[in-house]
Amino acid sequence: MALIENIQSLKQEISKVIVGKDLEVELMAISLLFNGHILLESVPGTGKTMLAKSFAAAIGGHFSRIQFTPDVLPSDVTGIQFFNPKVQEFELRPGPIMANLVLADEINRATPRTQSSLLEVMEERQVTIDGITVPINEPFMVIATQNPVESQQGTFPLPVAQMDRFFMKIKVGYPTFEEEKQIMHNGQVNPGQNPVSPVFLLSDLEELKKEVNKVYMTNDIEDYLLSIVRRTREHSSIELGVSPRGTLALMKASQGKAFLNGRTYVTPADIKSVAPFVIGHRIILSIEGSLTKSQEEIILEIIDSVPVPVEAGANG
């Protein structure tokens, strides 16, 4: 299947500069198929920014990067209307958000006012600048990074409404022993960065998006997915469960996972594999719940507690 070959090529291209991130690249590819936005979270030095930049280079299209700091203004993101003295008229100067793939680096360093400038564009694919609405060209994807360690050091946590707009949240962990050894080797023999070549054309992506939407769910699989979502709203340790937007995101991510596996139908295994990345950041634990377990532990507990459909058991 051509898509599988493209994903393998995507992983190979990114592995030129990033070691051991195949799962992250696969999840980002699934998000791209649905114009879904990604939040990368990890401690400094684990390659979040380089992973995002390499992914953008492998996709092609127009890429832009915004380094968020407390003094960045909303107009620095969306753009402004400025007066051109030559023609004696106001003209629109689009901001860096007008791109196919936008890297929002250290998004939690921006003030809430600036963070909110992304709300409209992430959901509606348009920007309003001084009363003028400007549509964003497809494909459009925001990859944001944040460092959870600095939550008390001049940062501003993303509000619930904004977290819900991220299709997936991916925690970039430390490399394994062998991966870190390979990183050391690469740093010795090739301290420079290999250029990452585009793997997908924008026209190819449009065709892939049409195909992935044809992946179907049986009624039993739909009930299984909904049961997982609804248990997040009923769990005693969860104060705020997954929203209907999260339900749709989980459905789409499961379709994408099945599509990457070369199938035209979704299995429980597809849902289980993507659920922690799709719904983990969409729940808020109660005070009592947060004292005993992490979000990840509760999500896995919920997934394990929902019975797998009998007919799908062999595939799940």
# chains A, B, ... in the order shown; residues from 1 in each chain; ligands from 1

call {"tool": "residues_around", "arguments": {"residues": "Gln162 (chain A)", "least_positions_apart": "3", "cutoff": "9 Å", "atoms": "only C-alpha atoms", "output": "PyMOL selection string"}}
result
chain A and resi 115-116+118-119+122+158-159+165-166

call {"tool": "select_by_dssp", "arguments": {"residues": "region 193-230 of chain A", "states": "alpha helix (DSSP H)", "output": "count of residues only"}}
result
23

call {"tool": "closest_residue", "arguments": {"among": "A:Ser227, A:Leu250, A:Ser9, A:Val215", "to": "Gly262 (chain A)", "atoms": "only C-alpha atoms"}}
result
A:Val215

call {"tool": "residues_around", "arguments": {"residues": "region 137-146 of chain A", "least_positions_apart": "3", "cutoff": "9 Å", "atoms": "only C-alpha atoms", "output": "NGL selection string"}}
result
:A and (31-43 or 48-49 or 52 or 61 or 97-109 or 122 or 125-126 or 150 or 166 or 202 or 205-206)

call {"tool": "residues_around", "arguments": {"residues": "region 229-239 of chain A", "least_positions_apart": "3", "cutoff": "6 Å", "atoms": "only C-alpha atoms", "output": "list in words"}}
result
Leu226, Ile284, Leu285, Ser286 and Gly289 of chain A

call {"tool": "closest_residue", "arguments": {"among": "A:Met163, A:Ala29, A:Ile221, A:Val121", "to": "Tyr265 (chain A)", "atoms": "only C-alpha atoms"}}
result
A:Ile221

call {"tool": "closest_residue", "arguments": {"among": "A:Lys11, A:Lys171, A:Arg245, A:Arg65", "to": "Pro44 (chain A)", "atoms": "only C-alpha atoms"}}
result
A:Lys171

call {"tool": "residues_around", "arguments": {"residues": "Ile129 (chain A)", "least_positions_apart": "4", "cutoff": "10 Å", "atoms": "only C-alpha atoms", "output": "VMD selection string"}}
result
chain A and resid 74 to 75 78 to 81 92 to 95 133 to 134

call {"tool": "atom_distance", "arguments": {"atom1": "CA of Ser64 (chain A)", "atom2": "CA of Pro96 (chain A)"}}
result
5.8 Å
